[in-house]
$ cat input38.json   # JSON, C-alpha atoms
[["chain", "number", "residue", "atom", "x", "y", "z"],
["A", 1, "MET", "CA", 58.13, 185.53, 117.77],
["A", 2, "LEU", "CA", 60.96, 183.04, 117.85],
["A", 3, "SER", "CA", 63.38, 185.59, 119.16],
["A", 4, "GLN", "CA", 60.91, 186.48, 121.87],
["A", 5, "ILE", "CA", 60.77, 182.89, 123.05],
["A", 6, "ILE", "CA", 64.53, 182.65, 123.08],
["A", 7, "LYS", "CA", 64.76, 185.91, 124.93],
["A", 8, "SER", "CA", 62.21, 184.85, 127.54],
["A", 9, "SER", "CA", 63.83, 181.45, 128.04],
["A", 10, "ARG", "CA", 67.19, 183.11, 128.47],
["A", 11, "ALA", "CA", 65.64, 185.43, 130.98],
["A", 12, "THR", "CA", 64.19, 182.45, 132.81],
["A", 13, "SER", "CA", 67.47, 180.63, 132.84],
["A", 14, "LEU", "CA", 69.26, 183.65, 134.12],
["A", 15, "ARG", "CA", 66.71, 183.94, 136.86],
["A", 16, "THR", "CA", 67.17, 180.33, 137.87],
["A", 17, "VAL", "CA", 70.96, 180.34, 138.03],
["A", 18, "GLY", "CA", 70.80, 180.69, 141.79],
["A", 19, "ARG", "CA", 68.38, 177.80, 142.04],
["A", 20, "THR", "CA", 70.35, 175.36, 139.95],
["A", 21, "ALA", "CA", 73.01, 175.46, 142.61],
["A", 22, "ARG", "CA", 70.46, 173.99, 144.98],
["A", 23, "LEU", "CA", 69.51, 171.17, 142.59],
["A", 24, "SER", "CA", 72.96, 169.95, 141.74],
["A", 25, "THR", "CA", 75.42, 168.95, 144.37],
["A", 26, "THR", "CA", 78.75, 168.97, 142.60],
["A", 27, "SER", "CA", 80.85, 172.06, 142.27],
["A", 28, "LEU", "CA", 81.48, 171.13, 138.64],
["A", 29, "ALA", "CA", 77.81, 171.55, 137.85],
["A", 30, "ASN", "CA", 77.82, 174.92, 139.60],
["A", 31, "LYS", "CA", 80.58, 176.13, 137.33],
["A", 32, "SER", "CA", 78.88, 174.74, 134.23],
["A", 33, "THR", "CA", 78.02, 177.28, 131.60],
["A", 34, "TYR", "CA", 75.18, 175.17, 130.22],
["A", 35, "ARG", "CA", 71.81, 176.63, 130.80],
["A", 36, "THR", "CA", 69.81, 174.46, 133.10],
["A", 37, "PRO", "CA", 66.04, 174.54, 132.70],
["A", 38, "ASN", "CA", 63.87, 175.34, 135.63],
["A", 39, "PHE", "CA", 62.48, 172.10, 137.08],
["A", 40, "ASP", "CA", 60.63, 173.70, 139.95],
["A", 41, "ASP", "CA", 57.19, 172.97, 138.46],
["A", 42, "VAL", "CA", 57.81, 169.24, 138.16],
["A", 43, "LEU", "CA", 59.83, 168.76, 141.34],
["A", 44, "ARG", "CA", 58.02, 166.99, 144.15],
["A", 45, "LYS", "CA", 57.08, 169.04, 147.14],
["A", 46, "ASP", "CA", 58.56, 166.39, 149.45],
["A", 47, "GLY", "CA", 61.60, 165.80, 147.25],
["A", 48, "ALA", "CA", 64.02, 166.11, 150.14],
["A", 49, "SER", "CA", 62.28, 163.47, 152.31],
["A", 50, "ASP", "CA", 64.16, 160.47, 150.76],
["A", 51, "ARG", "CA", 60.88, 158.65, 150.29],
["A", 52, "SER", "CA", 61.54, 157.19, 146.85],
["A", 53, "ARG", "CA", 65.12, 156.39, 147.77],
["A", 54, "VAL", "CA", 63.99, 154.45, 150.82],
["A", 55, "TYR", "CA", 61.40, 152.65, 148.67],
["A", 56, "THR", "CA", 64.01, 151.69, 146.08],
["A", 57, "TYR", "CA", 66.53, 150.47, 148.62],
["A", 58, "PHE", "CA", 63.82, 148.57, 150.46],
["A", 59, "MET", "CA", 62.86, 146.76, 147.26],
["A", 60, "VAL", "CA", 66.52, 145.98, 146.49],
["A", 61, "GLY", "CA", 67.02, 144.74, 150.05],
["A", 62, "SER", "CA", 63.89, 142.57, 149.93],
["A", 63, "LEU", "CA", 65.10, 140.88, 146.78],
["A", 64, "GLY", "CA", 68.48, 140.34, 148.46],
["A", 65, "LEU", "CA", 66.72, 138.89, 151.49],
["A", 66, "LEU", "CA", 64.72, 136.41, 149.42],
["A", 67, "SER", "CA", 67.71, 135.33, 147.37],
["A", 68, "SER", "CA", 69.98, 134.95, 150.38],
["A", 69, "ALA", "CA", 67.34, 132.88, 152.18],
["A", 70, "GLY", "CA", 67.04, 130.73, 149.08],
["A", 71, "ALA", "CA", 70.79, 130.35, 148.78],
["A", 72, "LYS", "CA", 71.03, 129.45, 152.45],
["A", 73, "SER", "CA", 68.41, 126.70, 152.21],
["A", 74, "THR", "CA", 70.02, 125.35, 149.03],
["A", 75, "VAL", "CA", 73.37, 125.07, 150.77],
["A", 76, "GLU", "CA", 71.70, 123.52, 153.82],
["A", 77, "THR", "CA", 70.04, 120.89, 151.63],
["A", 78, "PHE", "CA", 73.34, 119.86, 150.10],
["A", 79, "ILE", "CA", 75.11, 119.75, 153.45],
["A", 80, "SER", "CA", 72.36, 117.76, 155.15],
["A", 81, "SER", "CA", 72.37, 115.26, 152.27],
["A", 82, "MET", "CA", 75.98, 114.48, 153.15],
["A", 83, "SER", "CA", 75.20, 113.44, 156.72],
["A", 84, "ALA", "CA", 74.04, 109.94, 157.60],
["A", 85, "SER", "CA", 70.35, 109.21, 157.17],
["A", 86, "ALA", "CA", 68.12, 108.08, 160.04],
["A", 87, "ASP", "CA", 68.12, 104.39, 159.10],
["A", 88, "VAL", "CA", 71.92, 104.34, 158.97],
["A", 89, "LEU", "CA", 72.11, 106.08, 162.36],
["A", 90, "ALA", "CA", 69.65, 103.57, 163.81],
["A", 91, "MET", "CA", 71.82, 100.67, 162.65],
["A", 92, "ALA", "CA", 74.93, 102.31, 164.08],
["A", 93, "LYS", "CA", 73.95, 101.60, 167.69],
["A", 94, "VAL", "CA", 73.09, 98.50, 169.62],
["A", 95, "GLU", "CA", 71.28, 98.22, 172.95],
["A", 96, "VAL", "CA", 72.03, 95.42, 175.39],
["A", 97, "GLU", "CA", 70.03, 94.55, 178.50],
["A", 98, "LEU", "CA", 72.56, 94.10, 181.29],
["A", 99, "ASN", "CA", 70.14, 92.41, 183.71],
["A", 100, "ALA", "CA", 70.29, 89.25, 181.63],
["A", 101, "ILE", "CA", 74.05, 88.83, 182.08],
["A", 102, "PRO", "CA", 75.00, 87.09, 185.32],
["A", 103, "GLU", "CA", 78.29, 87.79, 187.07],
["A", 104, "GLY", "CA", 81.27, 86.09, 185.55],
["A", 105, "LYS", "CA", 79.67, 85.57, 182.12],
["A", 106, "ASN", "CA", 80.54, 86.82, 178.67],
["A", 107, "VAL", "CA", 78.07, 88.02, 176.06],
["A", 108, "VAL", "CA", 78.96, 88.67, 172.44],
["A", 109, "VAL", "CA", 76.79, 91.09, 170.50],
["A", 110, "LYS", "CA", 77.13, 92.20, 166.91],
["A", 111, "TRP", "CA", 77.68, 95.89, 166.40],
["A", 112, "GLN", "CA", 78.30, 97.30, 162.91],
["A", 113, "GLY", "CA", 79.26, 93.85, 161.73],
["A", 114, "LYS", "CA", 81.85, 93.44, 164.48],
["A", 115, "PRO", "CA", 81.62, 91.37, 167.65],
["A", 116, "VAL", "CA", 81.49, 93.25, 170.94],
["A", 117, "PHE", "CA", 82.44, 91.42, 174.12],
["A", 118, "ILE", "CA", 80.53, 92.33, 177.25],
["A", 119, "ARG", "CA", 81.76, 90.73, 180.45],
["A", 120, "HIS", "CA", 80.14, 91.02, 183.83],
["A", 121, "ARG", "CA", 83.28, 90.82, 185.95],
["A", 122, "THR", "CA", 83.38, 89.47, 189.47],
["A", 123, "PRO", "CA", 85.00, 91.55, 192.26],
["A", 124, "HIS", "CA", 87.87, 89.09, 192.21],
["A", 125, "GLU", "CA", 88.47, 89.70, 188.51],
["A", 126, "ILE", "CA", 88.36, 93.47, 189.01],
["A", 127, "GLN", "CA", 90.96, 93.11, 191.75],
["A", 128, "GLU", "CA", 93.07, 90.96, 189.48],
["A", 129, "ALA", "CA", 92.86, 93.52, 186.66],
["A", 130, "ASN", "CA", 93.92, 96.32, 188.99],
["A", 131, "ALA", "CA", 96.76, 94.37, 190.51],
["A", 132, "VAL", "CA", 98.72, 94.10, 187.25],
["A", 133, "GLU", "CA", 101.98, 96.08, 187.16],
["A", 134, "MET", "CA", 102.24, 98.60, 184.31],
["A", 135, "SER", "CA", 105.80, 97.48, 183.61],
["A", 136, "VAL", "CA", 104.74, 93.99, 182.47],
["A", 137, "LEU", "CA", 102.27, 95.33, 179.89],
["A", 138, "LYS", "CA", 103.15, 95.63, 176.22],
["A", 139, "ASP", "CA", 100.54, 98.40, 175.76],
["A", 140, "PRO", "CA", 100.39, 100.01, 179.21],
["A", 141, "GLN", "CA", 96.89, 101.05, 180.19],
["A", 142, "THR", "CA", 95.25, 101.00, 183.60],
["A", 143, "ASP", "CA", 92.04, 99.07, 184.07],
["A", 144, "ALA", "CA", 90.26, 102.30, 185.06],
["A", 145, "ASP", "CA", 91.10, 103.75, 181.64],
["A", 146, "ARG", "CA", 89.38, 100.84, 179.93],
["A", 147, "VAL", "CA", 86.08, 100.67, 181.81],
["A", 148, "GLN", "CA", 83.38, 103.12, 182.85],
["A", 149, "LYS", "CA", 82.00, 100.81, 185.53],
["A", 150, "PRO", "CA", 84.53, 98.25, 186.80],
["A", 151, "GLU", "CA", 82.02, 95.37, 186.78],
["A", 152, "TRP", "CA", 81.26, 95.87, 183.07],
["A", 153, "LEU", "CA", 84.07, 95.33, 180.58],
["A", 154, "ILE", "CA", 82.94, 96.25, 177.08],
["A", 155, "MET", "CA", 85.33, 95.94, 174.16],
["A", 156, "LEU", "CA", 85.59, 95.06, 170.49],
["A", 157, "GLY", "CA", 86.18, 91.34, 170.03],
["A", 158, "ILE", "CA", 88.75, 91.70, 167.30],
["A", 159, "CYS", "CA", 92.33, 90.62, 167.88],
["A", 160, "THR", "CA", 94.62, 93.56, 167.25],
["A", 161, "HIS", "CA", 97.04, 91.27, 165.45],
["A", 162, "LEU", "CA", 95.21, 90.16, 162.30],
["A", 163, "GLY", "CA", 91.55, 90.55, 163.20],
["A", 164, "CYS", "CA", 90.48, 87.11, 164.40],
["A", 165, "VAL", "CA", 87.86, 86.83, 167.11],
["A", 166, "PRO", "CA", 89.44, 85.75, 170.42],
["A", 167, "ILE", "CA", 87.90, 83.02, 172.58],
["A", 168, "GLY", "CA", 86.61, 84.01, 176.01],
["A", 169, "GLU", "CA", 87.60, 82.58, 179.39],
["A", 170, "SER", "CA", 90.75, 81.00, 178.09],
["A", 171, "GLY", "CA", 94.43, 81.77, 177.69],
["A", 172, "ASP", "CA", 97.22, 82.00, 180.20],
["A", 173, "PHE", "CA", 95.90, 85.16, 181.86],
["A", 174, "GLY", "CA", 92.29, 84.26, 182.52],
["A", 175, "GLY", "CA", 90.90, 86.50, 179.81],
["A", 176, "TRP", "CA", 90.78, 85.94, 176.09],
["A", 177, "PHE", "CA", 92.88, 83.84, 173.77],
["A", 178, "CYS", "CA", 93.20, 84.30, 170.03],
["A", 179, "PRO", "CA", 93.47, 80.87, 168.37],
["A", 180, "CYS", "CA", 94.89, 82.20, 165.09],
["A", 181, "HIS", "CA", 98.37, 83.15, 166.29],
["A", 182, "GLY", "CA", 98.20, 82.66, 170.02],
["A", 183, "SER", "CA", 97.70, 86.07, 171.57],
["A", 184, "HIS", "CA", 96.75, 86.07, 175.23],
["A", 185, "TYR", "CA", 94.63, 88.87, 176.69],
["A", 186, "ASP", "CA", 94.02, 89.39, 180.40],
["A", 187, "ILE", "CA", 90.74, 90.03, 182.23],
["A", 188, "SER", "CA", 90.88, 93.70, 181.21],
["A", 189, "GLY", "CA", 91.42, 92.83, 177.53],
["A", 190, "ARG", "CA", 95.06, 93.90, 177.56],
["A", 191, "ILE", "CA", 97.61, 92.07, 175.46],
["A", 192, "ARG", "CA", 99.97, 90.02, 177.64],
["A", 193, "LYS", "CA", 101.57, 87.45, 175.40],
["A", 194, "GLY", "CA", 101.73, 86.71, 171.69],
["A", 195, "PRO", "CA", 102.07, 88.70, 168.48],
["A", 196, "ALA", "CA", 99.24, 91.24, 168.96],
["A", 197, "PRO", "CA", 100.64, 94.76, 169.44],
["A", 198, "LEU", "CA", 97.74, 96.49, 171.22],
["A", 199, "ASN", "CA", 95.04, 95.91, 173.80],
["A", 200, "LEU", "CA", 91.56, 95.02, 172.60],
["A", 201, "GLU", "CA", 89.84, 98.18, 171.42],
["A", 202, "ILE", "CA", 87.17, 99.90, 173.52],
["A", 203, "PRO", "CA", 84.17, 101.19, 171.57],
["A", 204, "GLN", "CA", 82.15, 104.24, 172.54],
["A", 205, "TYR", "CA", 79.35, 103.24, 174.88],
["A", 206, "GLU", "CA", 77.12, 104.67, 177.57],
["A", 207, "PHE", "CA", 74.96, 103.26, 180.31],
["A", 208, "ASP", "CA", 71.26, 104.05, 180.34],
["A", 209, "GLY", "CA", 69.73, 102.56, 183.46],
["A", 210, "ASP", "CA", 69.98, 98.79, 183.06],
["A", 211, "LYS", "CA", 70.93, 99.04, 179.43],
["A", 212, "VAL", "CA", 74.18, 99.76, 177.68],
["A", 213, "ILE", "CA", 74.15, 101.51, 174.32],
["A", 214, "VAL", "CA", 77.19, 100.72, 172.21],
["A", 215, "GLY", "CA", 77.94, 103.23, 169.46],
["B", 1, "MET", "CA", 60.41, 157.65, 161.80],
["B", 2, "SER", "CA", 60.82, 159.83, 158.79],
["B", 3, "PHE", "CA", 62.11, 158.51, 155.52],
["B", 4, "SER", "CA", 65.37, 160.40, 155.91],
["B", 5, "SER", "CA", 66.14, 158.77, 159.21],
["B", 6, "ILE", "CA", 65.29, 155.32, 157.80],
["B", 7, "TYR", "CA", 67.67, 156.08, 154.98],
["B", 8, "LYS", "CA", 70.38, 157.25, 157.35],
["B", 9, "VAL", "CA", 70.07, 154.25, 159.65],
["B", 10, "PHE", "CA", 69.75, 151.38, 157.18],
["B", 11, "PHE", "CA", 70.88, 152.40, 153.73],
["B", 12, "ARG", "CA", 73.64, 154.97, 154.22],
["B", 13, "ARG", "CA", 76.38, 152.42, 154.89],
["B", 14, "ASN", "CA", 76.50, 149.37, 152.65],
["B", 15, "ALA", "CA", 77.76, 147.16, 155.47],
["B", 16, "VAL", "CA", 74.70, 147.98, 157.53],
["B", 17, "PHE", "CA", 72.45, 147.44, 154.53],
["B", 18, "VAL", "CA", 73.90, 144.04, 153.65],
["B", 19, "GLY", "CA", 74.09, 143.04, 157.31],
["B", 20, "THR", "CA", 70.44, 143.89, 157.81],
["B", 21, "VAL", "CA", 69.52, 141.88, 154.72],
["B", 22, "PHE", "CA", 71.45, 138.80, 155.88],
["B", 23, "ALA", "CA", 70.23, 139.00, 159.47],
["B", 24, "SER", "CA", 66.62, 139.36, 158.40],
["B", 25, "ALA", "CA", 67.09, 136.46, 155.95],
["B", 26, "PHE", "CA", 67.69, 134.18, 158.96],
["B", 27, "VAL", "CA", 64.60, 135.49, 160.76],
["B", 28, "PHE", "CA", 62.57, 135.32, 157.58],
["B", 29, "GLN", "CA", 63.55, 131.73, 156.90],
["B", 30, "ALA", "CA", 62.49, 130.57, 160.35],
["B", 31, "TYR", "CA", 59.11, 132.25, 160.03],
["B", 32, "PHE", "CA", 58.70, 131.06, 156.45],
["B", 33, "ASP", "CA", 59.49, 127.45, 157.34],
["B", 34, "SER", "CA", 57.16, 127.35, 160.33],
["B", 35, "SER", "CA", 54.31, 129.03, 158.46],
["B", 36, "ILE", "CA", 54.63, 126.71, 155.46],
["B", 37, "THR", "CA", 54.73, 123.71, 157.80],
["B", 38, "LYS", "CA", 51.66, 124.97, 159.63],
["B", 39, "TRP", "CA", 49.82, 125.44, 156.34],
["B", 40, "TRP", "CA", 50.86, 122.00, 155.10],
["B", 41, "GLU", "CA", 49.67, 120.30, 158.27],
["B", 42, "SER", "CA", 46.32, 122.04, 158.18],
["B", 43, "HIS", "CA", 45.99, 121.22, 154.47],
["B", 44, "ASN", "CA", 46.65, 117.52, 155.12],
["B", 45, "LYS", "CA", 44.75, 117.18, 158.35],
["B", 46, "GLY", "CA", 43.65, 113.61, 159.00],
["B", 47, "LYS", "CA", 46.28, 112.07, 156.76],
["B", 48, "LEU", "CA", 49.33, 112.76, 158.88],
["B", 49, "TRP", "CA", 51.10, 110.15, 161.01],
["B", 50, "ASP", "CA", 50.10, 111.85, 164.24],
["B", 51, "ASP", "CA", 46.42, 111.59, 163.32],
["B", 52, "VAL", "CA", 46.70, 108.05, 161.99],
["B", 53, "ARG", "CA", 48.60, 106.85, 165.04],
["B", 54, "LEU", "CA", 45.80, 107.95, 167.37],
["B", 55, "LYS", "CA", 43.33, 106.01, 165.24],
["B", 56, "LEU", "CA", 45.54, 102.90, 165.27],
["B", 57, "GLU", "CA", 46.08, 103.06, 169.03],
["B", 58, "ASN", "CA", 42.34, 103.25, 169.64],
["B", 59, "GLY", "CA", 41.01, 100.92, 166.95],
["B", 60, "GLY", "CA", 43.61, 98.55, 165.57],
["B", 61, "ASP", "CA", 44.77, 95.86, 167.99],
["B", 62, "GLY", "CA", 48.36, 94.94, 167.68],
["B", 63, "ASP", "CA", 48.61, 93.80, 164.06],
["B", 64, "ASP", "CA", 50.89, 96.71, 163.23],
["B", 65, "ASP", "CA", 53.17, 96.06, 166.17],
["B", 66, "GLU", "CA", 56.33, 94.18, 165.30]]
$ encode --input "input38.json" --output "structure tokens"
Amino acid sequence: MLSQIIKSSRATSLRTVGRTARLSTTSLANKSTYRTPNFDDVLRKDGASDRSRVYTYFMVGSLGLLSSAGAKSTVETFISSMSASADVLAMAKVEVELNAIPEGKNVVVKWQGKPVFIRHRTPHEIQEANAVEMSVLKDPQTDADRVQKPEWLIMLGICTHLGCVPIGESGDFGGWFCPCHGSHYDISGRIRKGPAPLNLEIPQYEFDGDKVIVG
Amino acid sequence: MSFSSIYKVFFRRNAVFVGTVFASAFVFQAYFDSSITKWWESHNKGKLWDDVRLKLENGGDGDDDE
């Protein structure tokens, strides 16, 4: 009885030697002397259609998709927490109505804790600012480099020497005068005389109709 | 498209597989965000600022201004 079973199984395995070559792909398995059982009965009919492989890879890929989307939004949260919040951004700018400033007048506004000088210059003052020779300037800069519109001079009211606030419409050059150590600025805010090394700084600003937005 | 061709196109090369996963993560996130936002707004209808503002502009006179 037992020997019969062994005999029949051997016969089966001998019969399926040709088929095992189809099941296994490596040449090593083809050369193997182990008897391989016949799997034909349990093999799927559509085994070669890659269906289960596609299903498996799809599941793996979906998990990867979810985790990469999660990782991306985590990173985005951290990065966005580093940027300035809306209330800080709102405080970082100041709007000034230019209609209210008559020609030949100064206005001082506070921007980020610093004074900003806005002067509505007269045509005569613009001419005066343009007439200055570059050679006499300590920090050579043309007037056109310092203004967007010639009639509006907008600059930080902090002396470049030690940070005092200069006084408007005074000094030897018709512009600003710093009382702390006697720096004279001209009508374009350029240093002309005294210890300050640089011209008054120009902040970022843009015109929006009749308004100017500093910052 | 048979399963074999899906396999050949998307899963055969790992670079294509990973690239597809990352690219679809971007698309997925956009859709996910907008659909969650849409659901949230419909869930909280009547309590949102846009709804309240309309009510204030019609009914309340000026006490919330400045």
$ residues_around --input "input38.json" --residues "segment 132-148 of chain A" --least-positions-apart "3" --cutoff "8 Å" --atoms "only C-alpha atoms" --output "PyMOL selection string"
chain A and resi 128-129+152-154+188+190-192+197-199+202
$ write_last_selection --input "input38.json" --atoms "C-alpha atoms" --output "mmCIF file, keeping the file's coordinate frame"
data_model
loop_
_atom_site.group_PDB
_atom_site.id
_atom_site.type_symbol
_atom_site.label_atom_id
_atom_site.label_comp_id
_atom_site.auth_asym_id
_atom_site.auth_seq_id
_atom_site.Cartn_x
_atom_site.Cartn_y
_atom_site.Cartn_z
ATOM 1 C CA GLU A 128 93.070 90.960 189.480
ATOM 2 C CA ALA A 129 92.860 93.520 186.660
ATOM 3 C CA TRP A 152 81.260 95.870 183.070
ATOM 4 C CA LEU A 153 84.070 95.330 180.580
ATOM 5 C CA ILE A 154 82.940 96.250 177.080
ATOM 6 C CA SER A 188 90.880 93.700 181.210
ATOM 7 C CA ARG A 190 95.060 93.900 177.560
ATOM 8 C CA ILE A 191 97.610 92.070 175.460
ATOM 9 C CA ARG A 192 99.970 90.020 177.640
ATOM 10 C CA PRO A 197 100.640 94.760 169.440
ATOM 11 C CA LEU A 198 97.740 96.490 171.220
ATOM 12 C CA ASN A 199 95.040 95.910 173.800
ATOM 13 C CA ILE A 202 87.170 99.900 173.520
#
$ atom_distance --input "input38.json" --atom1 "atom CA of Tyr185 of chain A" --atom2 "atom CA of Lys110 of chain A"
20.3 Å
$ interface_residues --input "input38.json" --of "chain B" --to "chain A" --cutoff "12 Å" --atoms "all atoms listed in the file" --output "VMD selection string"
chain B and resid 1 to 14 16 to 33
$ write_last_selection --input "input38.json" --atoms "C-alpha atoms" --output "short mmCIF file (atom, residue, chain, number, x, y, z; two decimals), in the frame of the given file"
data_model
loop_
_atom_site.label_atom_id
_atom_site.label_comp_id
_atom_site.auth_asym_id
_atom_site.auth_seq_id
_atom_site.Cartn_x
_atom_site.Cartn_y
_atom_site.Cartn_z
CA MET B 1 60.41 157.65 161.80
CA SER B 2 60.82 159.83 158.79
CA PHE B 3 62.11 158.51 155.52
CA SER B 4 65.37 160.40 155.91
CA SER B 5 66.14 158.77 159.21
CA ILE B 6 65.29 155.32 157.80
CA TYR B 7 67.67 156.08 154.98
CA LYS B 8 70.38 157.25 157.35
CA VAL B 9 70.07 154.25 159.65
CA PHE B 10 69.75 151.38 157.18
CA PHE B 11 70.88 152.40 153.73
CA ARG B 12 73.64 154.97 154.22
CA ARG B 13 76.38 152.42 154.89
CA ASN B 14 76.50 149.37 152.65
CA VAL B 16 74.70 147.98 157.53
CA PHE B 17 72.45 147.44 154.53
CA VAL B 18 73.90 144.04 153.65
CA GLY B 19 74.09 143.04 157.31
CA THR B 20 70.44 143.89 157.81
CA VAL B 21 69.52 141.88 154.72
CA PHE B 22 71.45 138.80 155.88
CA ALA B 23 70.23 139.00 159.47
CA SER B 24 66.62 139.36 158.40
CA ALA B 25 67.09 136.46 155.95
CA PHE B 26 67.69 134.18 158.96
CA VAL B 27 64.60 135.49 160.76
CA PHE B 28 62.57 135.32 157.58
CA GLN B 29 63.55 131.73 156.90
CA ALA B 30 62.49 130.57 160.35
CA TYR B 31 59.11 132.25 160.03
CA PHE B 32 58.70 131.06 156.45
CA ASP B 33 59.49 127.45 157.34
#
$ residues_around --input "input38.json" --residues "Tyr205 of chain A" --least-positions-apart "4" --cutoff "7 Å" --atoms "all atoms listed in the file" --output "ChimeraX atom specification"
/A:212-215
$ atom_distance --input "input38.json" --atom1 "atom CA of Leu98 of chain A" --atom2 "atom CA of Asp208 of chain A"
10.1 Å
$ atom_distance --input "input38.json" --atom1 "atom CA of Met155 of chain A" --atom2 "atom CA of Leu200 of chain A"
6.5 Å
$ axis_aligned_box --input "input38.json" --around "segment 16-22 of chain B" --padding-each-side "3 Å" --output "AutoDock Vina command-line options"
--center_x 72.1 --center_y 143.4 --center_z 155.7 --size_x 11.2 --size_y 15.2 --size_z 10.2
$ closest_residue --input "input38.json" --among "A:Ile118, A:Cys164, A:Val107, A:Ile126" --to "Pro203 of chain A" --atoms "all atoms listed in the file"
A:Ile118
$ decode --input "input38.json" --residues "segment 66-79 of chain A" --atoms "N, CA and C atoms" --output "PDB file, in the first residue's frame"
ATOM      1  N   LEU A  66      -0.564  58.129   1.450  1.00  0.00           N
ATOM      2  CA  LEU A  66      -1.116  58.731   2.666  1.00  0.00           C
ATOM      3  C   LEU A  66       0.004  59.225   3.579  1.00  0.00           C
ATOM      4  N   SER A  67       1.040  58.405   3.740  1.00  0.00           N
ATOM      5  CA  SER A  67       2.085  58.842   4.675  1.00  0.00           C
ATOM      6  C   SER A  67       2.883  60.002   4.114  1.00  0.00           C
ATOM      7  N   SER A  68       3.089  60.038   2.788  1.00  0.00           N
ATOM      8  CA  SER A  68       3.841  61.180   2.267  1.00  0.00           C
ATOM      9  C   SER A  68       3.002  62.453   2.320  1.00  0.00           C
ATOM     10  N   ALA A  69       1.684  62.334   2.117  1.00  0.00           N
ATOM     11  CA  ALA A  69       0.837  63.525   2.264  1.00  0.00           C
ATOM     12  C   ALA A  69       0.855  64.012   3.707  1.00  0.00           C
ATOM     13  N   GLY A  70       0.828  63.074   4.649  1.00  0.00           N
ATOM     14  CA  GLY A  70       0.899  63.447   6.057  1.00  0.00           C
ATOM     15  C   GLY A  70       2.213  64.098   6.408  1.00  0.00           C
ATOM     16  N   ALA A  71       3.310  63.520   5.901  1.00  0.00           N
ATOM     17  CA  ALA A  71       4.630  64.087   6.173  1.00  0.00           C
ATOM     18  C   ALA A  71       4.734  65.484   5.587  1.00  0.00           C
ATOM     19  N   LYS A  72       4.183  65.642   4.381  1.00  0.00           N
ATOM     20  CA  LYS A  72       4.248  66.950   3.724  1.00  0.00           C
ATOM     21  C   LYS A  72       3.500  67.988   4.545  1.00  0.00           C
ATOM     22  N   SER A  73       2.305  67.664   5.024  1.00  0.00           N
ATOM     23  CA  SER A  73       1.549  68.680   5.763  1.00  0.00           C
ATOM     24  C   SER A  73       2.175  68.940   7.126  1.00  0.00           C
ATOM     25  N   THR A  74       2.827  67.936   7.705  1.00  0.00           N
ATOM     26  CA  THR A  74       3.542  68.168   8.971  1.00  0.00           C
ATOM     27  C   THR A  74       4.670  69.167   8.769  1.00  0.00           C
ATOM     28  N   VAL A  75       5.453  68.944   7.721  1.00  0.00           N
ATOM     29  CA  VAL A  75       6.567  69.848   7.419  1.00  0.00           C
ATOM     30  C   VAL A  75       6.042  71.252   7.124  1.00  0.00           C
ATOM     31  N   GLU A  76       4.943  71.315   6.371  1.00  0.00           N
ATOM     32  CA  GLU A  76       4.361  72.621   6.033  1.00  0.00           C
ATOM     33  C   GLU A  76       3.913  73.370   7.280  1.00  0.00           C
ATOM     34  N   THR A  77       3.346  72.631   8.240  1.00  0.00           N
ATOM     35  CA  THR A  77       2.911  73.269   9.484  1.00  0.00           C
ATOM     36  C   THR A  77       4.084  73.891  10.214  1.00  0.00           C
ATOM     37  N   PHE A  78       5.183  73.142  10.313  1.00  0.00           N
ATOM     38  CA  PHE A  78       6.347  73.668  11.017  1.00  0.00           C
ATOM     39  C   PHE A  78       6.909  74.890  10.297  1.00  0.00           C
ATOM     40  N   ILE A  79       6.996  74.812   8.974  1.00  0.00           N
ATOM     41  CA  ILE A  79       7.577  75.922   8.223  1.00  0.00           C
ATOM     42  C   ILE A  79       6.689  77.156   8.328  1.00  0.00           C
TER      43      ILE A  79
END
